[in-house]
file my_file_6.cif (mmCIF, C-alpha atoms)
data_data
loop_
_atom_site.label_atom_id
_atom_site.label_comp_id
_atom_site.auth_asym_id
_atom_site.auth_seq_id
_atom_site.Cartn_x
_atom_site.Cartn_y
_atom_site.Cartn_z
CA MET A 1 141.90 274.61 239.62
CA ASP A 2 145.68 274.86 239.03
CA ALA A 3 147.66 278.09 238.65
CA VAL A 4 148.11 277.69 234.86
CA THR A 5 144.36 277.38 234.31
CA ILE A 6 143.70 280.42 236.48
CA ARG A 7 146.21 282.48 234.48
CA ARG A 8 144.68 281.38 231.18
CA LYS A 9 141.19 282.33 232.33
CA GLY A 10 142.54 285.63 233.57
CA TRP A 11 144.06 286.44 230.19
CA LEU A 12 140.86 285.37 228.45
CA LEU A 13 138.80 287.65 230.67
CA LEU A 14 141.25 290.50 230.04
CA GLY A 15 140.93 289.97 226.29
CA VAL A 16 137.14 290.06 226.47
CA LEU A 17 137.23 293.26 228.52
CA LEU A 18 139.68 294.85 226.08
CA LEU A 19 137.45 294.04 223.12
CA ALA A 20 134.46 295.45 224.96
CA ALA A 21 136.39 298.62 225.74
CA LEU A 22 137.43 298.99 222.09
CA ALA A 23 133.80 298.57 221.05
CA VAL A 24 132.77 301.33 223.43
CA VAL A 25 135.54 303.64 222.13
CA TYR A 26 134.47 302.95 218.54
CA ALA A 27 130.81 303.62 219.33
CA CYS A 28 131.57 306.86 221.17
CA CYS A 29 134.39 308.30 219.06
CA PHE A 30 133.78 306.96 215.56
CA ARG A 31 130.00 306.75 215.34
CA TYR A 32 128.68 308.30 212.14
CA ARG A 33 126.89 311.60 212.54
CA ALA A 34 125.47 314.13 210.10
CA VAL A 35 125.35 317.65 211.54
CA MET A 36 124.63 321.12 210.24
CA VAL A 37 127.58 323.50 210.60
CA GLY A 38 126.98 327.04 209.38
CA GLY A 39 124.18 325.87 207.12
CA VAL A 40 126.31 323.08 205.61
CA LEU A 41 125.54 319.38 206.11
CA VAL A 42 128.74 317.73 207.37
CA HIS A 43 129.14 313.94 207.42
CA ARG A 44 131.34 312.98 210.36
CA HIS A 45 133.23 309.80 211.19
CA VAL A 46 132.85 308.16 207.77
CA PHE A 47 135.10 305.17 207.21
CA THR A 48 137.11 306.01 204.11
CA THR A 49 138.88 303.65 201.73
CA MET A 50 141.22 304.17 198.79
CA PHE A 51 140.66 303.43 195.11
CA TRP A 52 142.41 304.60 191.97
CA VAL A 53 141.99 305.10 188.25
CA GLY A 54 142.94 301.87 186.48
CA GLU A 55 142.55 299.69 189.59
CA ALA A 56 142.05 296.06 188.60
CA ALA A 57 138.93 294.13 189.60
CA THR A 58 139.62 292.24 192.84
CA ALA A 59 137.74 290.96 195.89
CA ASP A 60 138.71 294.17 197.71
CA ASN A 61 136.67 296.31 195.31
CA ASP A 62 133.81 293.88 194.74
CA TYR A 63 135.40 292.79 191.42
CA ILE A 64 134.75 296.14 189.75
CA SER A 65 137.46 297.52 187.50
CA ASN A 66 138.21 301.22 187.79
CA SER A 67 139.39 301.64 184.22
CA GLN A 68 135.89 303.05 183.77
CA SER A 69 133.95 305.32 186.09
CA ALA A 70 130.23 305.87 186.55
CA TRP A 71 130.35 308.70 184.01
CA ASP A 72 133.39 307.92 181.84
CA ASP A 73 133.80 304.72 179.84
CA ASN A 74 137.46 305.54 179.19
CA TRP A 75 138.46 307.05 182.51
CA ARG A 76 141.94 305.53 182.56
CA THR A 77 142.71 306.81 179.06
CA HIS A 78 141.38 310.29 179.77
CA PHE A 79 143.26 310.43 183.07
CA GLY A 80 146.47 309.44 181.32
CA GLY A 81 147.16 306.00 182.82
CA THR A 82 146.88 303.98 186.01
CA ASP A 83 147.08 306.11 189.16
CA ASP A 84 149.33 303.56 190.88
CA PRO A 85 149.33 304.12 194.68
CA GLN A 86 152.65 302.28 195.03
CA ALA A 87 154.61 304.44 192.56
CA ARG A 88 154.29 308.13 193.40
CA HIS A 89 156.06 311.38 192.62
CA GLY A 90 154.72 313.68 195.29
CA TRP A 91 150.95 313.72 194.90
CA LEU A 92 151.18 312.39 191.33
CA PRO A 93 151.71 308.96 189.80
CA ALA A 94 155.40 308.49 189.04
CA ALA A 95 154.93 307.15 185.51
CA PHE A 96 153.14 310.15 183.95
CA THR A 97 151.59 313.56 184.56
CA PRO A 98 147.81 313.13 184.84
CA ARG A 99 145.55 315.05 182.48
CA GLU A 100 142.78 315.16 185.08
CA ASN A 101 142.73 316.04 188.76
CA PRO A 102 144.61 313.45 190.87
CA PHE A 103 142.59 314.65 193.87
CA TYR A 104 139.34 312.78 193.25
CA CYS A 105 136.83 310.75 195.23
CA ALA A 106 133.77 308.53 194.94
CA LEU A 107 130.48 308.72 196.82
CA PRO A 108 127.74 306.04 196.75
CA TYR A 109 125.28 307.71 194.40
CA ASN A 110 124.86 308.02 190.64
CA ASP A 111 122.40 310.46 189.09
CA TYR A 112 122.01 308.15 186.06
CA THR A 113 120.57 304.63 185.77
CA ASP A 114 122.42 301.61 184.38
CA ASN A 115 120.77 302.46 181.05
CA ASN A 116 122.34 305.94 181.09
CA ALA A 117 119.02 307.65 181.72
CA ARG A 118 118.62 310.47 184.19
CA LYS A 119 117.13 309.43 187.51
CA PRO A 120 113.88 311.43 187.86
CA GLU A 121 114.46 312.17 191.53
CA ALA A 122 118.05 313.39 191.13
CA ALA A 123 117.20 317.01 190.32
CA HIS A 124 115.04 317.18 193.45
CA ILE A 125 117.30 315.51 196.01
CA ILE A 126 120.61 317.06 194.90
CA PRO A 127 120.82 320.51 196.51
CA TRP A 128 122.32 322.18 193.42
CA GLY A 129 120.05 320.31 190.98
CA ARG A 130 117.81 323.16 189.85
CA ILE A 131 119.76 323.59 186.60
CA TRP A 132 120.72 320.41 184.75
CA PRO A 133 122.10 320.99 181.23
CA GLY A 134 121.91 318.15 178.74
CA GLY A 135 124.83 315.74 178.53
CA THR A 136 126.00 316.54 182.03
CA SER A 137 125.99 314.93 185.47
CA LEU A 138 124.97 316.79 188.60
CA CYS A 139 127.50 314.75 190.55
CA LYS A 140 130.60 314.44 188.35
CA ASN A 141 133.32 317.04 189.03
CA HIS A 142 131.56 318.52 192.08
CA TRP A 143 133.94 319.48 194.88
CA VAL A 144 134.12 317.76 198.27
CA GLN A 145 136.02 318.94 201.35
CA ILE A 146 137.55 316.08 203.36
CA THR A 147 139.19 316.34 206.78
CA ALA A 148 141.19 313.89 208.91
CA HIS A 149 144.08 314.07 211.38
CA GLY A 150 143.79 317.85 211.52
CA ARG A 151 144.35 318.20 207.77
CA THR A 152 141.90 319.30 205.07
CA VAL A 153 141.94 318.41 201.39
CA TYR A 154 139.63 319.11 198.45
CA ALA A 155 138.67 316.55 195.84
CA GLN A 156 136.40 316.27 192.82
CA TRP A 157 133.64 313.66 192.75
CA GLU A 158 134.53 311.38 189.82
CA ASP A 159 132.96 307.98 190.49
CA SER A 160 130.18 306.17 192.33
CA GLY A 161 130.97 303.98 195.34
CA PRO A 162 132.22 302.37 197.50
CA PHE A 163 130.04 299.27 197.21
CA GLU A 164 126.71 301.16 197.00
CA TYR A 165 125.49 303.28 194.09
CA ASN A 166 122.09 304.63 195.04
CA ASP A 167 122.53 305.72 198.65
CA ALA A 168 120.96 309.18 198.35
CA ALA A 169 119.68 309.09 201.94
CA TYR A 170 123.29 309.15 203.12
CA VAL A 171 125.00 311.28 200.45
CA PHE A 172 122.42 314.08 200.53
CA GLY A 173 120.77 313.32 203.86
CA THR A 174 121.50 312.20 207.39
CA ARG A 175 121.24 308.41 207.20
CA PRO A 176 124.40 306.36 207.91
CA PRO A 177 126.06 304.76 204.87
CA ALA A 178 124.13 301.75 203.64
CA SER A 179 127.30 299.78 202.86
CA THR A 180 128.08 296.89 205.18
CA HIS A 181 131.69 296.63 203.96
CA PHE A 182 134.71 297.84 205.94
CA LEU A 183 132.97 299.46 208.92
CA HIS A 184 130.22 300.86 206.67
CA ALA A 185 132.57 302.61 204.27
CA GLY A 186 130.96 305.72 202.80
CA LEU A 187 133.76 307.43 200.88
CA ASP A 188 136.46 306.34 198.44
CA VAL A 189 139.46 308.61 197.87
CA SER A 190 142.34 308.72 195.41
CA PRO A 191 145.96 307.97 196.35
CA ALA A 192 146.72 311.72 196.40
CA VAL A 193 143.89 312.39 198.87
CA ASN A 194 144.79 309.33 200.91
CA ASP A 195 148.44 310.40 201.18
CA TYR A 196 147.61 314.03 201.92
CA LEU A 197 145.42 313.02 204.87
CA HIS A 198 147.72 310.21 206.07
CA LEU A 199 144.86 307.70 206.00
CA GLY A 200 146.99 304.58 205.58
CA ASN A 201 144.85 301.56 204.73
CA GLY A 202 141.62 303.27 205.75
CA TRP A 203 140.50 305.66 208.44
CA PHE A 204 137.63 307.90 209.47
CA THR A 205 137.10 311.27 207.82
CA ASP A 206 134.64 314.16 207.87
CA TRP A 207 133.38 315.45 204.55
CA HIS A 208 130.93 317.86 202.97
CA PHE A 209 130.16 319.37 199.58
CA VAL A 210 131.68 322.71 198.68
CA ASN A 211 131.13 325.09 195.77
CA ALA A 212 133.97 325.47 193.27
CA HIS A 213 134.46 329.17 194.05
CA ASP A 214 135.03 328.30 197.73
CA VAL A 215 137.87 325.85 197.03
CA PRO A 216 141.15 327.46 198.17
CA PRO A 217 144.46 327.24 196.31
CA GLY A 218 146.35 324.00 196.73
CA PRO A 219 147.69 321.02 194.79
CA TRP A 220 144.07 320.02 194.09
CA ARG A 221 143.68 323.09 191.85
CA GLU A 222 146.71 322.47 189.65
CA VAL A 223 144.69 320.29 187.26
CA VAL A 224 140.90 320.64 187.50
CA THR A 225 138.75 318.00 185.79
CA LYS A 226 136.22 319.57 183.44
CA ARG A 227 135.33 316.60 181.22
CA GLU A 228 131.64 315.81 181.36
CA ILE A 229 129.93 312.47 180.66
CA SER A 230 131.95 310.31 178.26
CA TRP A 231 130.01 307.19 177.43
CA GLY A 232 131.39 305.37 174.42
CA LYS A 233 133.95 308.10 173.73
#
call {"tool": "encode", "arguments": {"input": "my_file_6.cif", "output": "structure tokens"}}
result
Amino acid sequence: MDAVTIRRKGWLLLGVLLLAALAVVYACCFRYRAVMVGGVLVHRHVFTTMFWVGEAATADNDYISNSQSAWDDNWRTHFGGTDDPQARHGWLPAAFTPRENPFYCALPYNDYTDNNARKPEAAHIIPWGRIWPGGTSLCKNHWVQITAHGRTVYAQWEDSGPFEYNDAAYVFGTRPPASTHFLHAGLDVSPAVNDYLHLGNGWFTDWHFVNAHDVPPGPWREVVTKREISWGK
């Protein structure tokens, strides 16, 4: 065996060992966990991706347009335009001032069916589901606390996703995200949230639900979304 072949095999072995080491680091440091902290269920190490109001349907988002949301047929219009992640003015889109909260997110559950009927189990599995007024969603507008890189942001739940839409065992329980896309992505966040947490093109976050009265002051409270279900409006 000549010296060149030996070196090549050595580099190949080094590459294999490096990949194995990275796999171990990922399994140890970024493995999903759901833990109780002070009586609150916290989802840890959730791979988080970005989406935005008005996003066009592409392969990256499973060919689903975000001009609509799970609970608003005219989300882009009600928001005020496309929340372009490439054209920003601080936490806001550069082209306009949004009429709804630019700090929003999506989780993979919808409390309504495709036929806009209430899911019978929703009131039982959603912790705050004891009171469910007509024409409302138990999910839409609820607050979520999200943490990454030592920073914490608050966002309102405004859509269902990423990639899964009935993953109650993860959203309200302790099962890992059912999605097989992008390292089992379990949370979508807006450009404002993404920028605030310095997530780049995707990173791991911790998140949990929080009551509105526990949300502290911050840019996420400057415009609070209050619109309820808007199908056909």
call {"tool": "resolve_selection", "arguments": {"input": "my_file_6.cif", "expression": "the PyMOL selection byres ((chain A and resi 67) around 12)", "output": "list in words"}}
result
Phe51, Trp52, Val53, Gly54, Glu55, Ala56, Ala57, Ile64, Ser65, Asn66, Gln68, Ser69, Ala70, Trp71, Asp72, Asp73, Asn74, Trp75, Arg76, Thr77, His78, Phe79, Gly80, Gly81, Thr82, Asp83 and Asp159 of chain A
call {"tool": "write_last_selection", "arguments": {"input": "my_file_6.cif", "atoms": "C-alpha atoms", "output": "PDB file, in the coordinates of the input"}}
result
ATOM      1  CA  PHE A  51     140.660 303.430 195.110  1.00  0.00           C
ATOM      2  CA  TRP A  52     142.410 304.600 191.970  1.00  0.00           C
ATOM      3  CA  VAL A  53     141.990 305.100 188.250  1.00  0.00           C
ATOM      4  CA  GLY A  54     142.940 301.870 186.480  1.00  0.00           C
ATOM      5  CA  GLU A  55     142.550 299.690 189.590  1.00  0.00           C
ATOM      6  CA  ALA A  56     142.050 296.060 188.600  1.00  0.00           C
ATOM      7  CA  ALA A  57     138.930 294.130 189.600  1.00  0.00           C
ATOM      8  CA  ILE A  64     134.750 296.140 189.750  1.00  0.00           C
ATOM      9  CA  SER A  65     137.460 297.520 187.500  1.00  0.00           C
ATOM     10  CA  ASN A  66     138.210 301.220 187.790  1.00  0.00           C
ATOM     11  CA  GLN A  68     135.890 303.050 183.770  1.00  0.00           C
ATOM     12  CA  SER A  69     133.950 305.320 186.090  1.00  0.00           C
ATOM     13  CA  ALA A  70     130.230 305.870 186.550  1.00  0.00           C
ATOM     14  CA  TRP A  71     130.350 308.700 184.010  1.00  0.00           C
ATOM     15  CA  ASP A  72     133.390 307.920 181.840  1.00  0.00           C
ATOM     16  CA  ASP A  73     133.800 304.720 179.840  1.00  0.00           C
ATOM     17  CA  ASN A  74     137.460 305.540 179.190  1.00  0.00           C
ATOM     18  CA  TRP A  75     138.460 307.050 182.510  1.00  0.00           C
ATOM     19  CA  ARG A  76     141.940 305.530 182.560  1.00  0.00           C
ATOM     20  CA  THR A  77     142.710 306.810 179.060  1.00  0.00           C
ATOM     21  CA  HIS A  78     141.380 310.290 179.770  1.00  0.00           C
ATOM     22  CA  PHE A  79     143.260 310.430 183.070  1.00  0.00           C
ATOM     23  CA  GLY A  80     146.470 309.440 181.320  1.00  0.00           C
ATOM     24  CA  GLY A  81     147.160 306.000 182.820  1.00  0.00           C
ATOM     25  CA  THR A  82     146.880 303.980 186.010  1.00  0.00           C
ATOM     26  CA  ASP A  83     147.080 306.110 189.160  1.00  0.00           C
ATOM     27  CA  ASP A 159     132.960 307.980 190.490  1.00  0.00           C
TER      28      ASP A 159
END
call {"tool": "closest_atom_pairs", "arguments": {"input": "my_file_6.cif", "of": "region 70-130 of chain A", "to": "region 176-195 of chain A", "cutoff": "6 Å", "atoms": "all atoms listed in the file", "output": "JSON lines"}}
result
{"residue": "A:Pro85", "atom": "CA", "partner": "A:Pro191", "partner_atom": "CA", "distance": 5.4}
{"residue": "A:Trp91", "atom": "CA", "partner": "A:Ala192", "partner_atom": "CA", "distance": 4.9}
{"residue": "A:Phe103", "atom": "CA", "partner": "A:Val193", "partner_atom": "CA", "distance": 5.6}
{"residue": "A:Tyr104", "atom": "CA", "partner": "A:Ser190", "partner_atom": "CA", "distance": 5.5}
{"residue": "A:Cys105", "atom": "CA", "partner": "A:Val189", "partner_atom": "CA", "distance": 4.3}
{"residue": "A:Ala106", "atom": "CA", "partner": "A:Asp188", "partner_atom": "CA", "distance": 4.9}
{"residue": "A:Leu107", "atom": "CA", "partner": "A:Leu187", "partner_atom": "CA", "distance": 5.4}
call {"tool": "residues_around", "arguments": {"input": "my_file_6.cif", "residues": "Trp143 (chain A)", "least_positions_apart": "5", "cutoff": "7 Å", "atoms": "only C-alpha atoms", "output": "VMD selection string"}}
result
chain A and resid 154 to 157 209 to 212
call {"tool": "axis_aligned_box", "arguments": {"input": "my_file_6.cif", "around": "region 200-205 of chain A", "padding_each_side": "4 Å", "output": "JSON"}}
result
{"center_x": 142.0, "center_y": 306.4, "center_z": 207.1, "size_x": 17.9, "size_y": 17.7, "size_z": 12.7}
call {"tool": "atom_distance", "arguments": {"input": "my_file_6.cif", "atom1": "CA of Lys119 (chain A)", "atom2": "CA of Gln145 (chain A)"}}
result
25.3 Å
call {"tool": "resolve_selection", "arguments": {"input": "my_file_6.cif", "expression": "the PyMOL selection byres ((chain A and resi 117) around 12)", "output": "JSON, numbers by chain"}}
result
{"A": [71, 110, 111, 112, 113, 114, 115, 116, 118, 119, 120, 121, 122, 134, 135, 136, 137, 229, 231]}
call {"tool": "atom_distance", "arguments": {"input": "my_file_6.cif", "atom1": "CA of Cys139 (chain A)", "atom2": "CA of Gly202 (chain A)"}}
result
23.7 Å
call {"tool": "atom_distance", "arguments": {"input": "my_file_6.cif", "atom1": "CA of Lys233 (chain A)", "atom2": "CA of Asn141 (chain A)"}}
result
17.7 Å
call {"tool": "closest_residue", "arguments": {"input": "my_file_6.cif", "among": "A:Tyr170, A:Tyr109, A:Phe204, A:Tyr196", "to": "Phe47 (chain A)", "atoms": "only C-alpha atoms"}}
result
A:Phe204
